[in-house]
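Here's the structure we're looking at; comments come further down.
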Amino acid sequence: MNYHQLQTPNRTIMTPGPVEVDPRVLQAMSAPILGQFDPTFTEIMNEVMEMLRLVFQTNNKWAFPIDGTSRAGTEALLCSVIEPGDRVLVPIFGRFGHLLVEICERCGADVYTMETTWGTVFEEKDIIEKINQIQPKIVAIVHGETSTGCMQPLIEIGKMCRQQNRLLIVDAVASLGGVNIPVDDWNIDGIIAGTQKCLSIPPGMSLITYNERIEEIIQHRKKVEYGIATDEDCKQNDSKTIQSNYLDLAMLQDYWSPRRLNHHTEATSMIYALREGLRLVLEEGIYERFGRHQYHEKALIEGIKGMGLELYGDLTCKLPTVTCVTIPEGIDGESVRHFMLEQFGVEIASSFGPLKGKIWRIGTMGYSCRKENVIKVLQALEAALIRHGYEPNRGQAVEASLDFYEAPRYSKKSGVVQ
């Protein structure tokens with residue numbers, strides 16, 4: 001059989017991830033491969049760590065990527081910290097809270113949960129009350145829940161965890177780079193993000209940072225592989241060894257430290273992509289980037305309302321990077337999605353669990369978060385609904401969005417309306 005050269009179609013990707021990759025990131029990935037211990041490459045690794053600290057808004061020593069999608073970073077952090085029998089509290093307000101529970105259980109934790117209706121979040125005082133009741137070692141929680149489009153407040157929870165010497169570990173996969181998350185100011189001990197969402201880098205890497213409180217636990221569990229261990233390494237107590245080899249943060253620390261102790265073969269081209277993606281975030285300015293995400297989110301919301309559709313969930317806790325839309329009664333949501341993809345090349349997402357078939361999720365993340373994409377997704381959704389027998393307010397979606405875009409904007413930099 002003859003195989004043709006790979007040619008993928010151009011798509012307008014408006015899902016909660018993966019999203020369109022910035023062309024400058026794709027260009028960076030075409031750079032020549034370097035050996036993983038080439039001084040040029042190790043300097044690139046150092047630069048990545050420096051830029052990650054800036055994007056995470058932290059002074060933590062450790063900030064580096066894990067080769068593997070966001071779930072790999074979540075497992076790496078949790079399995080490196082949790083010892084069998086450790087008590088962990090997981091507040092659940094969507095699919096990925098359940099994922100945290102599953103990973104913690106696989107690590108042997110004694111897991112406690114609390115749940116709220118999908119489309120809402122918790123009052124911080126309720127979580128704090130549960131913390132006082134359970135006395136966990138770790139509170140593991142999602143910040144931006146893509147399955148419901150909701151964002152959990154964390155400031156008071158972080159303060160309480162720090163006061164009581166508990167660890168706060170946060171899943172910020174859907175929010176880092178699109179929403180303000182000052183890691184140090186919020187007293188977050190460990191946090192996980194992904195490349196494929198607001199950073200507009202291809203899927204395949206998870207980003208983490210953690211402080212000295214977590215590092216101390218990891219160091220007590222450290223074990224170096226037999227094949228590369230020195231005599232001094234072999235003296236370390238391995239009675240509490242981290243269960244995973246590939247996701248062992250103690251060994252990954254050595255790999256990303258000046259010691260450069262070999263652990264795995266680094267994903268060279270993805271490191272190039274990550275460096276460029278982080279550089280672009282810093283070039284734009286992190287607060288300017290947060291503002292851009294909020295700006296296009298509002299334009300999308302105006303268009304959805306103009307079409308006559310309803311937003312799903314409690315808007316007081318809405319995640320700016322994901323907008324959930326209630327599927328009109330009698331409409332096959334999957335058929336609409338397929339029509340949009342086939343006829344317009346526009347992709348949006350459905351949801352999971354109790355929301356399967358009930359909502360669409362539209363992402364405005366990273367490079368996908370721009371005016372032409374917002375207008376195109378509104379056009380495609382309106383046309384698809386009409387073809388499926390639903391009568392929206394014809395033409396009003398784009399008009400409402402354009403009205404928003406054409407309204408004067410207040411610039412914090414200049415102090416004038418533009």
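Each chain in the structure tokens gets a letter, A, B, ..., in the order shown, and its residues are numbered from 1; ligands are numbered from 1 in order too.
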
Identify, with DSSP run on backbone atoms, the residues in region 157-327 of chain A assigned to helix (DSSP H, G or I), and express the list as a count of residues only.
-> 70

Shell of 6 Å around region 351-361 of chain A, only C-alpha atoms, local chain residues under 6 positions omitted, as a list of chain:residue names |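 Close residues of region 351-361 of chain A: A:Ser147, A:Thr323, A:Cys324, A:Val325, A:Thr326, A:Ile327.
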
Suppose we keep C-alpha atoms; can you now write the selection as a compact mmCIF listing (two decimals), in the first residue's frame?
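File written: out-v5.txt
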```
# COMPACT_ATOMS: atom_id res chain seq x y z
CA SER A 147 -16.34 19.96 32.10
CA THR A 323 -18.22 29.06 27.87
CA CYS A 324 -20.94 26.44 28.34
CA VAL A 325 -24.13 26.70 26.27
CA THR A 326 -27.35 24.81 26.98
CA ILE A 327 -28.39 22.67 24.01
```

Close residues, Thr113 (chain A) itself excluded, 6 Å, only C-alpha atoms, min 4 positions apart in chain, as a ChimeraX atom specification = /A:89-91

Among region 68-303 of chain A, which residues carry a DSSP assignment of strand (DSSP E or B), reported as JSON, numbers by chain?
-> {"A": [87, 88, 89, 90, 91, 92, 110, 111, 112, 113, 114, 115, 118, 120, 138, 139, 140, 141, 142, 144, 145, 150, 151, 167, 168, 169, 170, 171, 176, 179, 190, 191, 192, 193, 194, 205, 206, 207, 208, 209, 210]}

Write the residues of the preceding selection, restricted to C-alpha atoms, as a short mmCIF file (atom, residue, chain, number, x, y, z; two decimals), in the first residue's frame.
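The result, written out as selection_19.cif:
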```
data_model
loop_
_atom_site.label_atom_id
_atom_site.label_comp_id
_atom_site.auth_asym_id
_atom_site.auth_seq_id
_atom_site.Cartn_x
_atom_site.Cartn_y
_atom_site.Cartn_z
CA ARG A 87 -5.51 11.53 54.30
CA VAL A 88 -6.54 13.60 51.26
CA LEU A 89 -9.58 15.85 50.77
CA VAL A 90 -10.88 16.31 47.21
CA PRO A 91 -13.76 18.76 46.65
CA ILE A 92 -15.54 17.69 43.42
CA ASP A 110 -7.36 7.63 52.43
CA VAL A 111 -9.55 9.87 50.27
CA TYR A 112 -12.39 12.04 51.52
CA THR A 113 -14.66 13.89 49.11
CA MET A 114 -17.32 16.56 49.06
CA GLU A 115 -19.49 17.28 46.04
CA TRP A 118 -22.06 20.50 38.29
CA THR A 120 -21.54 25.51 40.56
CA ILE A 138 -3.39 17.25 51.41
CA VAL A 139 -6.23 19.21 49.82
CA ALA A 140 -6.30 18.42 46.08
CA ILE A 141 -8.63 20.59 44.03
CA VAL A 142 -9.36 21.73 40.48
CA GLY A 144 -10.77 25.68 36.38
CA GLU A 145 -13.15 22.80 35.64
CA CYS A 150 -16.62 26.91 36.42
CA MET A 151 -13.72 28.34 38.44
CA LEU A 167 -0.60 20.92 51.47
CA LEU A 168 -2.72 22.58 48.77
CA ILE A 169 -2.28 20.93 45.37
CA VAL A 170 -4.14 22.54 42.46
CA ASP A 171 -5.12 21.44 38.95
CA LEU A 176 -2.81 28.83 33.53
CA VAL A 179 -6.54 33.43 34.16
CA GLY A 190 1.99 22.41 44.17
CA ILE A 191 0.23 23.16 40.89
CA ILE A 192 -0.21 21.40 37.55
CA ALA A 193 -0.87 22.94 34.13
CA GLY A 194 -0.86 21.77 30.52
CA MET A 205 3.75 18.11 28.25
CA SER A 206 2.54 18.91 31.73
CA LEU A 207 3.91 21.87 33.65
CA ILE A 208 4.43 21.83 37.40
CA THR A 209 5.88 23.91 40.17
CA TYR A 210 6.09 23.15 43.87
#
```

Give me the residues within 6 Å of region 263-280 of chain A as number ranges by chain, counting only C-alpha atoms and dropping any in the same chain fewer than 5 places off.
-> A: 25, 28-29, 48

Between CA of Leu247 (chain A) and CA of Met51 (chain A), distance in Å (one decimal) |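 The value is 22.2 Å.
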
7 Å contact set for Ile214 (chain A), only C-alpha atoms, chain neighbours under 4 positions out, as a PyMOL selection string = chain A and resi 81+189+210+218

If you count only C-alpha atoms, which residues fall within 8 Å of Met49 (chain A), apart from same-chain ones fewer than 2 positions away, as a PyMOL selection string?
-> chain A and resi 45-47+51-53+62-64

Could you check how far CA of Gln379 (chain A) sits from CA of Arg24 (chain A), in Å to one decimal?
->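 Going from CA of Gln379 (chain A) over to CA of Arg24 (chain A), I get 27.7 Å.
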
Glu212 (chain A) environment, 9 Å, only C-alpha atoms, sequence neighbours closer than 3 positions dropped, as a PyMOL selection string | chain A and resi 60-62+189+215-217

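Counting from CA of Val374 (chain A), the distance to CA of Leu319 (chain A) is 16.6 Å.
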
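Closest approach to Met251 (chain A) among A:Leu402, A:Ile103, A:Leu54, A:Ala76: A:Ala76, based on only C-alpha atoms.
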
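Among the candidates A:Val224, A:Leu378, A:Ile201, A:Ile242, the residue lying nearest to Tyr255 (chain A) is A:Val224 (atoms considered: only C-alpha atoms).
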
Which is closest to Ile301 (chain A) among A:Pro320, A:Pro136, A:Gly333, A:Gly178, if we use only C-alpha atoms?
->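 Smallest separation from Ile301 (chain A) among the options: A:Pro320.
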
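With distances restricted to only C-alpha atoms, A:Pro202 is the closest residue to Leu26 (chain A) from A:Thr241, A:Asp184, A:Ser350, A:Pro202.
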